[in-house]
Amino acid sequence: MERMEEIRERLSARRLKAFLVSDLKNIRYLTGFRGSSALLLVTGGDAFFFTDFRYREQARREVKGCEIVVPAGALLRHVRKTLKGLGIRSVGFEFSAPYGLYHGLKGDFALRAVRGMVEDLRVRKGREELRLIRKAVRRAEEAFSEIRPGIRAGVTERAVALTLEESLRRKGCSRIPFDIIVASGENAALPHASPSDKRLGPGDLVVIDWGGEADGYFSDMTRTLLVRGGADTERKVEMYNTVLKANRSAIRTAGAGVRAADVDRAARDLIGRAGYGDFFGHGTGHGVGLDIHESPRISLISKDILGEGMVFTIEPGVYIPGKGGVRIEDMVHIGEKGPRLLTRLPKRLDIV
Ligand code: ZN
Ligand code: ZN
C-alpha cells in the first residue's frame, strides 16, 4: 500500500481528522522531500506540504502526492489556517514534535500526541530502501578496507578518523551519519569516545565505529583491532573472542517473530558467563535507516518483536575502565528467507 494511504488508515483507526508531521525524516519517507524545512499535514483526503521559499523549486521536483504550499510567513501559521479552512478540530502530532509546535496550535485545536505513526512503517524496509542501505554498507566497507593498511602503531586516532571520513566521502557518501569513533587503549573503554591526538601504541585495542550513507540511508558498523606488542595479549584476545561469540550468538538468535529482548539476552548471557557482565552497559543493537538510531531497539527492556523487512545492528561490547574495550558491530536484515548479514568485513581479530 502507498505510504500516505497507510497513514490515513492509521488516522481513521485513531479517530483523528488530521496528522501533522514535523520530523524531517518522516516527511522525507512520506513525500520524498530531502530539504531541511517543512511541515506535512495529512488529512483523510488530502495532504498539504508546507515549506519556505528556499525550497520552492526543490519541493516541486521531489514532493509527490501533496499540495505544495509555500507561504510568505511562518509555516505553522499556515497550517492553522489550512486546518481552520477545512473545519478540522482534532489533530494528531508527533510525539517527537518541538514544544513550539504544540504551543502554536493548542489554543484552537484538540491535540493528541501520537507515538510511532510513521516510524512503525519505517521499521520494515522496502526493496528500494534495502538497496540503498546495502549501498551505504558497501561504501563503508570499501572505505575502511582502503584505509586499513594505514592503521598501525604511531598514527593518531584523529588521523585514522580523518582518513576514514575522507575515504567515505570519496566513495560517494554525501553525509557522514555520525562522528567516527576511533578509540585506542584506555580510550576504548569509553563506548562513545571522540578521536583524540593519542597515538596507537603497542598492545592497544582500537575500536573503530563508522557508517556510510547512500541517498539518505545509513549504515553503521564497528571493528576492533589489536596493535601488536604490549602486555596481557592473551587476556585481550580472550576478551575479543568473548565479544565475537556474543555477536554471533545474537545474530543466530535474531529472526522474524523473535523478541528483540531475547536477542539482547543471547549476547548478554554469553558475556556474563565469561565474567564480563558488569562491563557491557549498553543495548545490543538498534534499527538503522533514514536515522542512524531507529526502531527496533535490541535491548533487555525492548518490547519490539522482530519482523520481516527490519534492518538493525548487533553490537555487543566489553569496556573495562583503565584497560580498554572491544565492540563488534554488524548489520542484519530479516528477509523472506530469514536473517542475513549485510556487513561482510571479516571478524577474526585483526592484529596490526
Ligand atoms: Zn556504530
Ligand atoms: Zn550502532
# chains A, B, ... in the order shown; residues from 1 in each chain; ligands from 1
call {"tool": "residues_around", "arguments": {"residues": "A:Ile292", "least_positions_apart": "2", "cutoff": "8 Å", "atoms": "only C-alpha atoms", "output": "ChimeraX atom specification"}}
result
/A:177-178,218-220,287-290,294
call {"tool": "residues_near_ligand", "arguments": {"ligand": "ligand 1", "cutoff": "10 Å", "atoms": "only C-alpha atoms and all ligand atoms", "output": "list in words"}}
result
Pro177, Phe178, Asp179, Ile180, Ile181, Pro191, His192, Ile208, Asp209, Trp210, Gly211, Ser219, Asp220, Met221, Thr222, Arg223, Gly285, His286, Ile292, His293, Thr313, Ile314, Glu315, Arg327, Ile328, Glu329, Asp330 and Met331 of chain A
call {"tool": "write_last_selection", "arguments": {"atoms": "C-alpha atoms", "output": "PDB file, in the first residue's frame"}}
result
ATOM      1  CA  PRO A 177      25.924   9.590   9.673  1.00  0.00           C
ATOM      2  CA  PHE A 178      27.743  10.257  12.972  1.00  0.00           C
ATOM      3  CA  ASP A 179      31.171  11.337  14.192  1.00  0.00           C
ATOM      4  CA  ILE A 180      33.504   8.426  13.566  1.00  0.00           C
ATOM      5  CA  ILE A 181      34.803   6.770  16.737  1.00  0.00           C
ATOM      6  CA  PRO A 191      31.805   3.303  24.287  1.00  0.00           C
ATOM      7  CA  HIS A 192      31.371   6.706  22.610  1.00  0.00           C
ATOM      8  CA  ILE A 208      36.555   1.923  15.188  1.00  0.00           C
ATOM      9  CA  ASP A 209      32.847   2.682  14.737  1.00  0.00           C
ATOM     10  CA  TRP A 210      31.765   4.309  11.499  1.00  0.00           C
ATOM     11  CA  GLY A 211      28.974   4.404   8.954  1.00  0.00           C
ATOM     12  CA  SER A 219      24.907   2.087   7.650  1.00  0.00           C
ATOM     13  CA  ASP A 220      26.637   1.536  10.982  1.00  0.00           C
ATOM     14  CA  MET A 221      29.404  -0.882  11.928  1.00  0.00           C
ATOM     15  CA  THR A 222      32.291  -1.395  14.330  1.00  0.00           C
ATOM     16  CA  ARG A 223      35.506  -3.371  14.187  1.00  0.00           C
ATOM     17  CA  GLY A 285      21.551  -3.026  18.816  1.00  0.00           C
ATOM     18  CA  HIS A 286      19.208  -0.614  17.069  1.00  0.00           C
ATOM     19  CA  ILE A 292      21.138   6.094  12.458  1.00  0.00           C
ATOM     20  CA  HIS A 293      19.199   5.052  15.564  1.00  0.00           C
ATOM     21  CA  THR A 313      22.674  -3.657  14.273  1.00  0.00           C
ATOM     22  CA  ILE A 314      24.096  -6.274  16.606  1.00  0.00           C
ATOM     23  CA  GLU A 315      26.850  -4.618  18.610  1.00  0.00           C
ATOM     24  CA  ARG A 327      32.940  -3.815  20.273  1.00  0.00           C
ATOM     25  CA  ILE A 328      31.956  -5.742  17.161  1.00  0.00           C
ATOM     26  CA  GLU A 329      29.001  -4.322  15.257  1.00  0.00           C
ATOM     27  CA  ASP A 330      27.257  -5.804  12.256  1.00  0.00           C
ATOM     28  CA  MET A 331      24.061  -5.023  10.420  1.00  0.00           C
TER      29      MET A 331
END
call {"tool": "residues_around", "arguments": {"residues": "A:Phe19", "least_positions_apart": "2", "cutoff": "8 Å", "atoms": "only C-alpha atoms", "output": "list in words"}}
result
Leu11, Leu16, Lys17, Val21, Leu41, Val42, Thr43, Val91, Gly92 and Phe93 of chain A
call {"tool": "write_last_selection", "arguments": {"atoms": "N, CA, C and O atoms", "output": "PDB file, in the first residue's frame"}}
result
ATOM      1  N   LEU A  11      -4.796   6.967  10.750  1.00  0.00           N
ATOM      2  CA  LEU A  11      -5.536   8.140  11.219  1.00  0.00           C
ATOM      3  C   LEU A  11      -6.954   7.764  11.613  1.00  0.00           C
ATOM      4  O   LEU A  11      -7.419   8.075  12.715  1.00  0.00           O
ATOM      5  N   LEU A  16      -8.744  10.331  14.244  1.00  0.00           N
ATOM      6  CA  LEU A  16      -8.174  11.664  14.068  1.00  0.00           C
ATOM      7  C   LEU A  16      -8.534  12.160  12.676  1.00  0.00           C
ATOM      8  O   LEU A  16      -8.595  11.381  11.722  1.00  0.00           O
ATOM      9  N   LYS A  17      -8.765  13.473  12.571  1.00  0.00           N
ATOM     10  CA  LYS A  17      -9.115  14.041  11.270  1.00  0.00           C
ATOM     11  C   LYS A  17      -7.862  14.455  10.497  1.00  0.00           C
ATOM     12  O   LYS A  17      -7.883  14.586   9.282  1.00  0.00           O
ATOM     13  N   VAL A  21       2.965  16.180  10.558  1.00  0.00           N
ATOM     14  CA  VAL A  21       4.286  15.555  10.613  1.00  0.00           C
ATOM     15  C   VAL A  21       5.338  16.652  10.614  1.00  0.00           C
ATOM     16  O   VAL A  21       5.365  17.496   9.714  1.00  0.00           O
ATOM     17  N   LEU A  41       0.942  18.069   6.506  1.00  0.00           N
ATOM     18  CA  LEU A  41      -0.357  17.854   7.132  1.00  0.00           C
ATOM     19  C   LEU A  41      -1.116  16.817   6.305  1.00  0.00           C
ATOM     20  O   LEU A  41      -1.394  17.041   5.131  1.00  0.00           O
ATOM     21  N   VAL A  42      -1.415  15.693   6.929  1.00  0.00           N
ATOM     22  CA  VAL A  42      -2.154  14.633   6.234  1.00  0.00           C
ATOM     23  C   VAL A  42      -3.572  14.598   6.780  1.00  0.00           C
ATOM     24  O   VAL A  42      -3.767  14.509   7.998  1.00  0.00           O
ATOM     25  N   THR A  43      -4.553  14.688   5.889  1.00  0.00           N
ATOM     26  CA  THR A  43      -5.955  14.566   6.312  1.00  0.00           C
ATOM     27  C   THR A  43      -6.544  13.333   5.631  1.00  0.00           C
ATOM     28  O   THR A  43      -5.857  12.659   4.861  1.00  0.00           O
ATOM     29  N   VAL A  91      -6.501  17.126  15.932  1.00  0.00           N
ATOM     30  CA  VAL A  91      -5.265  16.976  15.176  1.00  0.00           C
ATOM     31  C   VAL A  91      -4.263  16.138  15.959  1.00  0.00           C
ATOM     32  O   VAL A  91      -4.010  16.403  17.136  1.00  0.00           O
ATOM     33  N   GLY A  92      -3.706  15.165  15.289  1.00  0.00           N
ATOM     34  CA  GLY A  92      -2.626  14.396  15.904  1.00  0.00           C
ATOM     35  C   GLY A  92      -1.292  15.026  15.535  1.00  0.00           C
ATOM     36  O   GLY A  92      -1.161  15.633  14.479  1.00  0.00           O
ATOM     37  N   PHE A  93      -0.337  14.919  16.428  1.00  0.00           N
ATOM     38  CA  PHE A  93       1.004  15.392  16.088  1.00  0.00           C
ATOM     39  C   PHE A  93       2.011  14.389  16.628  1.00  0.00           C
ATOM     40  O   PHE A  93       1.666  13.505  17.426  1.00  0.00           O
TER      41      PHE A  93
END
call {"tool": "select_by_dssp", "arguments": {"residues": "stretch 130-207 of chain A", "states": "strand (DSSP E)", "output": "ChimeraX atom specification"}}
result
/A:181-184,205-207
call {"tool": "closest_residue", "arguments": {"among": "A:Val332, A:Ile320, A:Ile176, A:Ala153", "to": "A:Arg235", "atoms": "only C-alpha atoms"}}
result
A:Ile320
call {"tool": "closest_residue", "arguments": {"among": "A:Ser302, A:Thr31, A:Thr343, A:Thr284", "to": "ligand 2", "atoms": "only C-alpha atoms and all ligand atoms"}}
result
A:Thr284
call {"tool": "residues_around", "arguments": {"residues": "A:Gly87", "least_positions_apart": "2", "cutoff": "12 Å", "atoms": "only C-alpha atoms", "output": "CSV table (one decimal) with N, CA, C and O atoms, in the first residue's frame"}}
result
chain,number,residue,atom,x,y,z
A,17,LYS,N,-8.8,13.5,12.6
A,17,LYS,CA,-9.1,14.0,11.3
A,17,LYS,C,-7.9,14.5,10.5
A,17,LYS,O,-7.9,14.6,9.3
A,18,ALA,N,-6.8,14.7,11.2
A,18,ALA,CA,-5.6,15.2,10.6
A,18,ALA,C,-4.4,14.8,11.4
A,18,ALA,O,-4.5,14.6,12.6
A,43,THR,N,-4.6,14.7,5.9
A,43,THR,CA,-6.0,14.6,6.3
A,43,THR,C,-6.5,13.3,5.6
A,43,THR,O,-5.9,12.7,4.9
A,80,ARG,N,-2.3,26.3,10.6
A,80,ARG,CA,-3.5,26.6,11.4
A,80,ARG,C,-4.7,27.1,10.4
A,80,ARG,O,-5.8,26.7,10.5
A,81,LYS,N,-4.3,27.9,9.5
A,81,LYS,CA,-5.2,28.5,8.5
A,81,LYS,C,-5.8,27.3,7.7
A,81,LYS,O,-7.1,27.3,7.5
A,82,THR,N,-5.0,26.4,7.3
A,82,THR,CA,-5.5,25.3,6.4
A,82,THR,C,-6.4,24.4,7.2
A,82,THR,O,-7.5,24.1,6.8
A,83,LEU,N,-6.1,24.1,8.5
A,83,LEU,CA,-6.9,23.3,9.3
A,83,LEU,C,-8.3,24.0,9.5
A,83,LEU,O,-9.3,23.4,9.5
A,84,LYS,N,-8.2,25.3,9.8
A,84,LYS,CA,-9.5,26.0,10.0
A,84,LYS,C,-10.3,26.1,8.8
A,84,LYS,O,-11.6,25.9,8.8
A,85,GLY,N,-9.7,26.2,7.6
A,85,GLY,CA,-10.4,26.2,6.4
A,85,GLY,C,-11.1,24.9,6.1
A,85,GLY,O,-12.2,24.9,5.5
A,89,ARG,N,-10.9,20.0,13.8
A,89,ARG,CA,-10.7,20.4,15.1
A,89,ARG,C,-9.7,19.4,15.9
A,89,ARG,O,-8.9,19.8,16.7
A,90,SER,N,-9.7,18.2,15.5
A,90,SER,CA,-8.9,17.2,16.2
A,90,SER,C,-7.7,16.9,15.4
A,90,SER,O,-7.8,16.4,14.2
A,91,VAL,N,-6.5,17.1,15.9
A,91,VAL,CA,-5.3,17.0,15.2
A,91,VAL,C,-4.3,16.1,16.0
A,91,VAL,O,-4.0,16.4,17.1
A,108,ASP,N,-6.5,26.4,19.6
A,108,ASP,CA,-7.6,26.3,18.7
A,108,ASP,C,-8.0,24.9,18.3
A,108,ASP,O,-9.0,24.6,17.7
A,109,PHE,N,-7.1,23.9,18.7
A,109,PHE,CA,-7.4,22.5,18.3
A,109,PHE,C,-7.3,21.5,19.4
A,109,PHE,O,-6.6,21.8,20.4
call {"tool": "residues_around", "arguments": {"residues": "A:Arg170", "least_positions_apart": "3", "cutoff": "12 Å", "atoms": "only C-alpha atoms", "output": "VMD selection string"}}
result
chain A and resid 139 to 140 142 to 144 146 to 147 163 to 167 173 to 176 212 to 213
call {"tool": "write_last_selection", "arguments": {"atoms": "all heavy atoms", "output": "compact mmCIF listing (two decimals), in the first residue's frame"}}
result
# COMPACT_ATOMS: atom_id res chain seq x y z
N ARG A 139 29.77 1.12 0.76
CA ARG A 139 30.65 2.29 0.79
C ARG A 139 31.47 2.32 2.08
O ARG A 139 32.66 2.62 2.06
CB ARG A 139 29.82 3.57 0.68
CG ARG A 139 29.32 3.80 -0.73
CD ARG A 139 28.39 4.99 -0.81
NE ARG A 139 28.06 5.28 -2.19
CZ ARG A 139 27.16 6.19 -2.57
NH1 ARG A 139 26.51 6.89 -1.65
NH2 ARG A 139 26.92 6.39 -3.85
N ALA A 140 30.82 1.98 3.19
CA ALA A 140 31.53 2.00 4.48
C ALA A 140 32.63 0.94 4.48
O ALA A 140 33.75 1.19 4.94
CB ALA A 140 30.55 1.75 5.62
N GLU A 142 34.15 -0.54 1.87
CA GLU A 142 35.23 -0.23 0.92
C GLU A 142 36.12 0.88 1.46
O GLU A 142 37.35 0.82 1.32
CB GLU A 142 34.64 0.16 -0.43
CG GLU A 142 34.09 -1.04 -1.19
CD GLU A 142 33.39 -0.66 -2.50
OE1 GLU A 142 33.41 0.55 -2.87
OE2 GLU A 142 32.81 -1.56 -3.11
N ALA A 143 35.50 1.87 2.06
CA ALA A 143 36.30 2.98 2.62
C ALA A 143 37.25 2.46 3.69
O ALA A 143 38.43 2.82 3.73
CB ALA A 143 35.37 4.05 3.20
N PHE A 144 36.73 1.57 4.54
CA PHE A 144 37.57 1.04 5.61
C PHE A 144 38.70 0.18 5.04
O PHE A 144 39.86 0.31 5.46
CB PHE A 144 36.72 0.21 6.58
CG PHE A 144 37.51 -0.33 7.74
CD1 PHE A 144 37.77 0.47 8.85
CD2 PHE A 144 38.01 -1.63 7.74
CE1 PHE A 144 38.51 -0.01 9.92
CE2 PHE A 144 38.75 -2.11 8.80
CZ PHE A 144 39.00 -1.30 9.90
N GLU A 146 40.14 0.38 2.34
CA GLU A 146 41.13 1.23 1.70
C GLU A 146 42.10 1.86 2.69
O GLU A 146 43.29 1.96 2.43
CB GLU A 146 40.40 2.34 0.94
CG GLU A 146 40.87 2.50 -0.48
CD GLU A 146 39.95 3.43 -1.22
OE1 GLU A 146 39.98 4.64 -0.95
OE2 GLU A 146 39.19 2.92 -2.05
N ILE A 147 41.59 2.25 3.83
CA ILE A 147 42.47 2.95 4.79
C ILE A 147 43.09 1.99 5.80
O ILE A 147 43.99 2.36 6.54
CB ILE A 147 41.72 4.07 5.54
CG1 ILE A 147 40.64 3.50 6.47
CG2 ILE A 147 41.09 5.06 4.57
CD1 ILE A 147 40.81 3.96 7.90
N THR A 163 41.11 10.13 7.81
CA THR A 163 41.30 9.44 6.52
C THR A 163 40.08 8.57 6.20
O THR A 163 39.68 8.45 5.05
CB THR A 163 42.57 8.55 6.51
OG1 THR A 163 42.55 7.71 7.66
CG2 THR A 163 43.84 9.37 6.51
N LEU A 164 39.48 8.00 7.25
CA LEU A 164 38.28 7.18 7.02
C LEU A 164 37.14 8.06 6.51
O LEU A 164 36.43 7.71 5.57
CB LEU A 164 37.90 6.44 8.31
CG LEU A 164 36.69 5.50 8.24
CD1 LEU A 164 36.78 4.53 7.06
CD2 LEU A 164 36.55 4.72 9.55
N GLU A 165 37.00 9.22 7.12
CA GLU A 165 35.93 10.13 6.70
C GLU A 165 36.15 10.58 5.25
O GLU A 165 35.22 10.61 4.44
CB GLU A 165 35.85 11.35 7.63
CG GLU A 165 34.79 12.34 7.18
CD GLU A 165 34.25 13.24 8.29
OE1 GLU A 165 34.48 12.96 9.48
OE2 GLU A 165 33.59 14.24 7.94
N GLU A 166 37.39 10.89 4.93
CA GLU A 166 37.68 11.32 3.57
C GLU A 166 37.38 10.20 2.58
O GLU A 166 36.79 10.42 1.51
CB GLU A 166 39.15 11.76 3.46
CG GLU A 166 39.42 12.43 2.13
CD GLU A 166 40.89 12.73 1.89
OE1 GLU A 166 41.66 12.77 2.87
OE2 GLU A 166 41.26 12.88 0.71
N SER A 167 37.77 9.00 2.95
CA SER A 167 37.53 7.85 2.09
C SER A 167 36.03 7.61 1.87
O SER A 167 35.58 7.31 0.77
CB SER A 167 38.20 6.62 2.71
OG SER A 167 38.09 5.52 1.85
N CYS A 173 29.57 9.06 -0.24
CA CYS A 173 28.70 9.42 0.89
C CYS A 173 28.60 10.94 0.95
O CYS A 173 29.62 11.62 1.11
CB CYS A 173 29.28 8.92 2.22
SG CYS A 173 29.50 7.13 2.28
N SER A 174 27.39 11.48 0.80
CA SER A 174 27.28 12.94 0.86
C SER A 174 27.12 13.40 2.30
O SER A 174 27.26 14.58 2.58
CB SER A 174 26.14 13.44 -0.02
OG SER A 174 24.97 12.75 0.28
N ARG A 175 26.83 12.48 3.18
CA ARG A 175 26.82 12.81 4.61
C ARG A 175 27.52 11.69 5.39
O ARG A 175 27.53 10.54 4.96
CB ARG A 175 25.40 12.97 5.13
CG ARG A 175 24.88 14.38 4.91
CD ARG A 175 23.51 14.53 5.50
NE ARG A 175 22.55 13.65 4.83
CZ ARG A 175 21.36 13.35 5.33
NH1 ARG A 175 20.99 13.81 6.50
NH2 ARG A 175 20.54 12.58 4.66
N ILE A 176 28.06 12.05 6.54
CA ILE A 176 28.63 11.05 7.43
C ILE A 176 27.61 10.92 8.56
O ILE A 176 27.27 11.91 9.20
CB ILE A 176 30.01 11.55 7.98
CG1 ILE A 176 30.96 11.89 6.83
CG2 ILE A 176 30.62 10.53 8.92
CD1 ILE A 176 31.33 10.74 5.92
N GLY A 212 28.33 4.53 6.65
CA GLY A 212 28.25 5.12 5.33
C GLY A 212 26.85 5.65 5.08
O GLY A 212 25.96 5.56 5.93
N GLU A 213 26.68 6.20 3.88
CA GLU A 213 25.40 6.79 3.52
C GLU A 213 25.18 6.59 2.03
O GLU A 213 26.14 6.55 1.24
CB GLU A 213 25.43 8.29 3.85
CG GLU A 213 24.15 9.04 3.57
CD GLU A 213 24.14 9.79 2.25
OE1 GLU A 213 25.15 9.72 1.50
OE2 GLU A 213 23.13 10.42 1.95
call {"tool": "closest_residue", "arguments": {"among": "A:Arg3, A:Lys347, A:Ala47, A:Ala274", "to": "A:Gly126", "atoms": "only C-alpha atoms"}}
result
A:Arg3
